[in-house]
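Student: Structure: my_file.txt, compact mmCIF, C-alpha atoms.
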```
# COMPACT_ATOMS: atom_id res chain seq x y z
CA MET F 1 -11.13 49.04 0.94
CA VAL F 2 -9.33 45.77 0.11
CA ASN F 3 -11.87 43.03 -0.60
CA GLY F 4 -9.73 39.91 -0.21
CA ILE F 5 -6.95 38.20 1.68
CA LEU F 6 -4.71 35.14 1.48
CA GLY F 7 -4.62 32.45 4.12
CA LYS F 8 -3.56 28.97 5.13
CA LYS F 9 -5.97 26.19 6.07
CA ILE F 10 -5.45 24.97 9.64
CA GLY F 11 -8.21 22.37 9.87
CA MET F 12 -11.81 21.80 10.92
CA THR F 13 -13.45 21.99 14.32
CA GLN F 14 -16.80 22.90 15.82
CA ILE F 15 -18.14 25.70 17.97
CA PHE F 16 -21.34 26.13 19.96
CA THR F 17 -23.70 29.07 19.57
CA GLU F 18 -25.48 30.71 22.50
CA ASP F 19 -28.52 28.47 22.04
CA GLY F 20 -26.36 25.32 22.06
CA THR F 21 -26.35 24.66 18.32
CA VAL F 22 -23.22 22.93 17.00
CA VAL F 23 -21.65 24.72 14.01
CA PRO F 24 -18.91 22.98 11.97
CA VAL F 25 -16.21 25.50 11.05
CA THR F 26 -12.90 25.62 9.22
CA ALA F 27 -10.07 27.48 10.94
CA ILE F 28 -7.96 29.60 8.58
CA GLU F 29 -4.77 31.52 9.34
CA ALA F 30 -5.59 34.58 7.23
CA GLY F 31 -2.87 37.19 6.75
CA PRO F 32 -1.34 39.44 7.61
CA CYS F 33 -0.78 40.30 3.94
CA THR F 34 1.03 43.22 2.33
CA VAL F 35 0.01 45.17 -0.77
CA THR F 36 2.90 44.63 -3.20
CA GLN F 37 1.50 46.24 -6.36
CA ILE F 38 -1.33 48.55 -7.40
CA LYS F 39 -2.58 48.27 -10.97
CA ASN F 40 -4.55 51.01 -12.74
CA VAL F 41 -6.34 51.53 -16.03
CA ASN F 42 -3.72 53.84 -17.53
CA LYS F 43 -0.85 51.36 -17.25
CA GLU F 44 -2.31 47.84 -17.01
CA GLY F 45 -5.74 48.46 -18.51
CA TYR F 46 -7.67 47.49 -15.36
CA THR F 47 -7.69 48.22 -11.63
CA ALA F 48 -6.45 45.63 -9.14
CA ILE F 49 -4.09 45.07 -6.25
CA GLN F 50 -1.51 42.38 -5.66
CA ILE F 51 -0.89 41.13 -2.13
CA GLY F 52 1.85 38.93 -0.68
CA PHE F 53 1.53 36.26 2.01
CA GLY F 54 3.93 33.85 3.70
CA GLU F 55 7.69 34.03 4.05
CA ALA F 56 9.86 32.81 1.19
CA LYS F 57 13.25 31.27 1.90
CA ARG F 58 14.86 32.92 -1.10
CA LEU F 59 13.96 35.18 -4.01
CA ASN F 60 15.51 35.50 -7.44
CA SER F 61 16.61 38.84 -8.86
CA PRO F 62 13.35 39.71 -10.71
CA GLU F 63 11.31 38.90 -7.61
CA ARG F 64 13.51 41.09 -5.41
CA GLY F 65 13.19 43.94 -7.89
CA HIS F 66 9.42 43.57 -8.05
CA LEU F 67 8.92 43.53 -4.28
CA LYS F 68 11.26 46.51 -3.70
CA LYS F 69 12.16 45.65 -0.11
CA LEU F 70 8.51 45.19 0.90
CA GLY F 71 9.32 41.68 2.10
CA ALA F 72 10.12 38.16 0.91
CA PHE F 73 6.72 36.67 0.17
CA LYS F 74 6.08 33.08 -0.80
CA HIS F 75 2.69 33.73 -2.41
CA LEU F 76 1.55 36.63 -4.58
CA ARG F 77 -2.06 36.88 -5.73
CA GLU F 78 -4.18 39.54 -7.39
CA PHE F 79 -7.61 40.91 -6.48
CA ARG F 80 -9.70 42.98 -8.89
CA MET F 81 -11.05 46.23 -7.45
CA LYS F 82 -13.16 49.03 -8.90
CA ASP F 83 -11.43 51.75 -6.89
CA VAL F 84 -7.81 51.59 -5.69
CA SER F 85 -7.48 55.26 -4.72
CA GLU F 86 -7.54 54.48 -0.99
CA VAL F 87 -4.99 51.63 -1.18
CA GLU F 88 -1.31 52.32 -0.59
CA LEU F 89 1.78 50.29 -1.49
CA GLY F 90 3.01 48.38 1.56
CA GLN F 91 -0.39 48.57 3.29
CA LYS F 92 -1.13 45.70 5.66
CA VAL F 93 -4.26 43.60 5.12
CA THR F 94 -5.65 41.64 8.06
CA VAL F 95 -8.82 39.72 8.87
CA ASP F 96 -10.46 42.87 10.25
CA ILE F 97 -11.82 43.42 6.72
CA PHE F 98 -14.34 40.67 7.56
CA GLU F 99 -17.12 40.64 10.13
CA PRO F 100 -19.28 37.78 11.45
CA GLY F 101 -22.10 37.15 9.02
CA ASP F 102 -20.18 38.24 5.91
CA LYS F 103 -20.41 36.01 2.85
CA ILE F 104 -17.11 35.01 1.23
CA ASP F 105 -15.80 32.95 -1.67
CA VAL F 106 -12.88 30.62 -0.91
CA VAL F 107 -10.55 29.30 -3.62
CA GLY F 108 -8.12 26.44 -3.03
CA ILE F 109 -6.46 23.42 -4.63
CA SER F 110 -8.41 20.25 -3.87
CA LYS F 111 -6.72 17.17 -2.45
CA GLY F 112 -5.10 15.00 -5.11
CA ARG F 113 -6.58 11.49 -5.35
CA GLY F 114 -4.37 10.15 -8.12
CA PHE F 115 -5.82 7.93 -10.83
CA ALA F 116 -9.40 7.02 -9.87
CA GLY F 117 -12.08 4.88 -11.47
CA VAL F 118 -15.56 6.00 -12.44
CA VAL F 119 -17.16 4.79 -9.20
CA LYS F 120 -14.97 6.99 -7.02
CA ARG F 121 -14.48 9.83 -9.50
CA HIS F 122 -18.04 10.25 -10.78
CA GLY F 123 -20.21 8.17 -8.44
CA PHE F 124 -21.14 5.46 -10.93
CA ALA F 125 -23.11 2.52 -9.51
CA GLY F 126 -21.03 -0.16 -11.26
CA GLY F 127 -22.34 -3.25 -13.00
CA PRO F 128 -24.53 -6.08 -11.72
CA LYS F 129 -23.00 -8.33 -9.10
CA THR F 130 -24.72 -11.54 -10.22
CA HIS F 131 -26.53 -13.20 -13.16
CA GLY F 132 -23.37 -14.42 -14.84
CA GLN F 133 -21.39 -11.19 -14.56
CA LYS F 134 -17.67 -11.31 -13.89
CA ASP F 135 -15.27 -8.49 -13.01
CA ARG F 136 -17.96 -5.84 -13.75
CA HIS F 137 -18.48 -4.53 -10.23
CA ARG F 138 -16.79 -1.17 -10.80
CA ALA F 139 -16.72 -1.03 -14.60
CA PRO F 140 -17.98 2.07 -16.48
CA GLY F 141 -20.14 0.24 -19.01
CA SER F 142 -20.61 1.46 -22.58
CA VAL F 143 -18.83 4.69 -23.53
CA GLY F 144 -20.35 5.15 -26.99
CA GLY F 145 -22.68 3.65 -29.57
CA GLY F 146 -21.62 1.57 -32.58
CA THR F 147 -23.36 3.00 -35.66
CA ASP F 148 -24.73 6.17 -34.09
CA PRO F 149 -22.79 8.21 -33.02
CA GLY F 150 -20.00 5.77 -33.87
CA LYS F 151 -17.55 7.45 -31.51
CA THR F 152 -17.00 8.43 -27.88
CA TRP F 153 -18.36 11.90 -27.19
CA LYS F 154 -15.95 14.56 -25.96
CA GLY F 155 -16.31 15.03 -22.20
CA GLN F 156 -17.46 11.46 -21.58
CA ARG F 157 -17.09 10.66 -17.88
CA MET F 158 -14.34 8.08 -17.57
CA ALA F 159 -11.56 7.02 -15.22
CA GLY F 160 -8.68 9.46 -14.84
CA HIS F 161 -6.81 11.89 -12.64
CA MET F 162 -8.96 13.02 -9.71
CA GLY F 163 -8.46 16.10 -7.56
CA ASN F 164 -5.48 18.49 -7.42
CA ALA F 165 -7.57 21.11 -9.23
CA ARG F 166 -8.61 24.68 -8.48
CA VAL F 167 -11.94 24.67 -6.61
CA THR F 168 -14.12 27.62 -5.58
CA VAL F 169 -16.66 27.33 -2.76
CA ARG F 170 -19.07 30.24 -2.84
CA LYS F 171 -21.08 32.11 -0.22
CA LEU F 172 -19.56 30.67 2.94
CA GLU F 173 -20.42 32.49 6.13
CA VAL F 174 -17.85 34.08 8.41
CA VAL F 175 -18.46 32.93 11.99
CA GLN F 176 -15.56 34.69 13.73
CA ALA F 177 -12.73 37.02 12.72
CA ASN F 178 -9.90 37.52 15.22
CA PRO F 179 -7.25 40.05 14.05
CA ASP F 180 -5.12 39.50 17.15
CA ARG F 181 -4.53 35.84 16.21
CA ASN F 182 -4.94 36.27 12.42
CA LEU F 183 -7.71 33.68 12.74
CA LEU F 184 -10.78 33.32 10.56
CA LEU F 185 -13.53 30.79 11.32
CA VAL F 186 -15.71 29.93 8.34
CA LYS F 187 -18.89 27.86 8.47
CA GLY F 188 -18.50 24.59 6.58
CA ALA F 189 -15.61 23.06 4.66
CA VAL F 190 -13.13 24.67 2.28
CA PRO F 191 -11.09 22.94 -0.43
CA GLY F 192 -7.54 21.70 0.06
CA CYS F 193 -5.36 19.98 2.62
CA ARG F 194 -3.94 21.36 5.83
CA ASN F 195 -1.47 24.22 5.29
CA GLY F 196 -2.83 24.66 1.78
CA LEU F 197 -3.03 28.17 0.32
CA LEU F 198 -6.51 29.75 0.26
CA ILE F 199 -7.71 32.83 -1.61
CA ILE F 200 -10.51 34.47 0.35
CA GLY F 201 -12.64 37.22 -1.14
CA LYS F 202 -15.91 38.96 -0.35
CA VAL F 203 -18.86 37.83 -2.45
CA VAL F 204 -19.25 40.10 -5.46
CA LYS F 205 -22.21 38.27 -7.05
CA SER F 206 -25.68 38.46 -5.56
```
Show this structure as structure tokens.

Tutor:
Amino acid sequence: MVNGILGKKIGMTQIFTEDGTVVPVTAIEAGPCTVTQIKNVNKEGYTAIQIGFGEAKRLNSPERGHLKKLGAFKHLREFRMKDVSEVELGQKVTVDIFEPGDKIDVVGISKGRGFAGVVKRHGFAGGPKTHGQKDRHRAPGSVGGGTDPGKTWKGQRMAGHMGNARVTVRKLEVVQANPDRNLLLVKGAVPGCRNGLLIIGKVVKS
């Protein structure tokens, strides 16, 4: 059985349980996806499947040859699987692979924040706001000693590009899965902006 699917983030909302508890959820348009390639140990050295999602406006010649009239997909992603014997080329993958209560990992590209200082990027407190200080409110402070170590350590938290990076949120709970509307409701927040691509897979780690 396929253990993952691709989707598009719609946004956040809230639902009410039977006892009146408010649950914040993220709505995801998940699938339908199509299996575009099956990889095995003999040829590729490992077992996995590749699935396609979204409609591409145009494909180049290598992409058309690879997809072999399966469709014009905008996104192609790979999922590792131990057994691919039951998967067929061209098979449709929908949200019915998930059930309420399942734990999933969601991968997305976080929102880009541009160049950010240490207060916003790393949560620094900034310098003192009085006692003769000037222009030190959001400064990082010392970044390295003089004699020892005599340099700035690699990985020192400093100002720089924030966001627009691959982020994985683990062990989110599936609240609802509606195959008729290709809709997946996940408890909590997932990375990325609206309409951003999401890679959704069942939890493989305990």

Student: Just give me the residues with any atom within 10 Å of (-6.8, 38.8, 0.1), file coordinates, counting all atoms listed in the file, written as a PyMOL selection string.

Tutor: chain F and resi 2-7+30-35+49-53+76-79+93-95+97+198-202

Student: Between atom CA of F:Gly108 and atom CA of F:Phe16, what is the distance, to one decimal in Å?

Tutor: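 Here the two named atoms are 26.5 Å from each other.
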
Student: Show me, as an MDAnalysis selection string, the residues that have an atom within 9 Å of F:Gly163 when counting only C-alpha atoms, minus same-chain residues fewer than 3 positions from it.

Tutor: chainID F and resid 109:114 121 166

Student: I'd like the interatomic distance between atom CA of F:Val143 and atom CA of F:Gly126, to a tenth of an Å.

Tutor: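 Value for the atom CA of F:Val143-atom CA of F:Gly126 distance: 13.4 Å.
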
Student: What's the 9 Å shell around F:Asp102, counting only C-alpha atoms, without same-chain residues fewer than 5 positions away, as a count of residues only?

Tutor: 7

Student: Go ahead and compute the interatomic distance for atom CA of F:Gly160 and atom CA of F:Ala139, in Å to one decimal.

Tutor: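 Computed distance, atom CA of F:Gly160 to atom CA of F:Ala139, equals 13.2 Å.
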
Student: Which residue is closest to F:Leu70? Choose from F:Arg157, F:Arg194, F:Lys92, F:Arg58 and count only C-alpha atoms.

Tutor: F:Lys92

Student: Smallest atom-to-atom distance to F:Gly101: which of F:Thr26, F:Gln176, F:Asn195, F:Gln37, using all atoms listed in the file?

Tutor: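 Ranking F:Thr26, F:Gln176, F:Asn195, F:Gln37 by distance to F:Gly101, first place goes to F:Gln176.
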
Student: Atoms are missing here; could stretch 29-47 of chain F be completed with N, CA, C and O atoms and written as a JSON list (two decimals), in the frame of the given file?

Tutor:
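Output contents, as saved in part.json:
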```json
[["chain", "number", "residue", "atom", "x", "y", "z"],
["F", 29, "GLU", "N", -5.74, 30.47, 8.97],
["F", 29, "GLU", "CA", -4.77, 31.52, 9.34],
["F", 29, "GLU", "C", -4.73, 32.51, 8.18],
["F", 29, "GLU", "O", -4.10, 32.26, 7.15],
["F", 30, "ALA", "N", -5.42, 33.62, 8.31],
["F", 30, "ALA", "CA", -5.59, 34.58, 7.23],
["F", 30, "ALA", "C", -4.72, 35.81, 7.48],
["F", 30, "ALA", "O", -4.94, 36.55, 8.45],
["F", 31, "GLY", "N", -3.73, 36.02, 6.61],
["F", 31, "GLY", "CA", -2.87, 37.19, 6.75],
["F", 31, "GLY", "C", -1.88, 37.04, 7.89],
["F", 31, "GLY", "O", -1.72, 35.94, 8.46],
["F", 32, "PRO", "N", -1.23, 38.14, 8.27],
["F", 32, "PRO", "CA", -1.34, 39.44, 7.61],
["F", 32, "PRO", "C", -0.69, 39.44, 6.22],
["F", 32, "PRO", "O", 0.33, 38.78, 6.01],
["F", 33, "CYS", "N", -1.29, 40.17, 5.30],
["F", 33, "CYS", "CA", -0.78, 40.30, 3.94],
["F", 33, "CYS", "C", -0.31, 41.73, 3.70],
["F", 33, "CYS", "O", -0.68, 42.65, 4.44],
["F", 34, "THR", "N", 0.49, 41.91, 2.67],
["F", 34, "THR", "CA", 1.03, 43.22, 2.33],
["F", 34, "THR", "C", 0.72, 43.53, 0.87],
["F", 34, "THR", "O", 0.87, 42.67, 0.00],
["F", 35, "VAL", "N", 0.28, 44.74, 0.61],
["F", 35, "VAL", "CA", 0.01, 45.17, -0.77],
["F", 35, "VAL", "C", 1.36, 45.38, -1.47],
["F", 35, "VAL", "O", 2.14, 46.24, -1.08],
["F", 36, "THR", "N", 1.62, 44.59, -2.51],
["F", 36, "THR", "CA", 2.90, 44.63, -3.20],
["F", 36, "THR", "C", 2.84, 45.35, -4.55],
["F", 36, "THR", "O", 3.87, 45.70, -5.10],
["F", 37, "GLN", "N", 1.64, 45.55, -5.07],
["F", 37, "GLN", "CA", 1.50, 46.24, -6.36],
["F", 37, "GLN", "C", 0.09, 46.77, -6.51],
["F", 37, "GLN", "O", -0.88, 46.13, -6.08],
["F", 38, "ILE", "N", -0.03, 47.94, -7.11],
["F", 38, "ILE", "CA", -1.33, 48.55, -7.40],
["F", 38, "ILE", "C", -1.42, 48.76, -8.90],
["F", 38, "ILE", "O", -0.57, 49.43, -9.49],
["F", 39, "LYS", "N", -2.42, 48.17, -9.52],
["F", 39, "LYS", "CA", -2.58, 48.27, -10.97],
["F", 39, "LYS", "C", -3.73, 49.23, -11.29],
["F", 39, "LYS", "O", -4.76, 49.23, -10.62],
["F", 40, "ASN", "N", -3.53, 50.04, -12.34],
["F", 40, "ASN", "CA", -4.55, 51.01, -12.74],
["F", 40, "ASN", "C", -4.84, 50.91, -14.22],
["F", 40, "ASN", "O", -4.13, 50.23, -14.97],
["F", 41, "VAL", "N", -5.88, 51.62, -14.65],
["F", 41, "VAL", "CA", -6.34, 51.53, -16.03],
["F", 41, "VAL", "C", -5.33, 52.11, -17.00],
["F", 41, "VAL", "O", -5.12, 51.58, -18.10],
["F", 42, "ASN", "N", -4.65, 53.17, -16.62],
["F", 42, "ASN", "CA", -3.72, 53.84, -17.53],
["F", 42, "ASN", "C", -2.54, 52.95, -17.92],
["F", 42, "ASN", "O", -2.10, 52.95, -19.07],
["F", 43, "LYS", "N", -2.04, 52.16, -16.99],
["F", 43, "LYS", "CA", -0.85, 51.36, -17.25],
["F", 43, "LYS", "C", -1.18, 49.92, -17.60],
["F", 43, "LYS", "O", -0.70, 49.38, -18.61],
["F", 44, "GLU", "N", -2.00, 49.25, -16.79],
["F", 44, "GLU", "CA", -2.31, 47.84, -17.01],
["F", 44, "GLU", "C", -3.62, 47.60, -17.74],
["F", 44, "GLU", "O", -3.90, 46.49, -18.18],
["F", 45, "GLY", "N", -4.48, 48.62, -17.82],
["F", 45, "GLY", "CA", -5.74, 48.46, -18.51],
["F", 45, "GLY", "C", -6.90, 48.05, -17.60],
["F", 45, "GLY", "O", -8.03, 47.92, -18.06],
["F", 46, "TYR", "N", -6.63, 47.84, -16.32],
["F", 46, "TYR", "CA", -7.67, 47.49, -15.36],
["F", 46, "TYR", "C", -7.15, 47.85, -13.97],
["F", 46, "TYR", "O", -5.96, 48.11, -13.77],
["F", 47, "THR", "N", -8.06, 47.86, -13.00],
["F", 47, "THR", "CA", -7.69, 48.22, -11.63],
["F", 47, "THR", "C", -7.68, 46.97, -10.75],
["F", 47, "THR", "O", -8.64, 46.19, -10.76]]
```
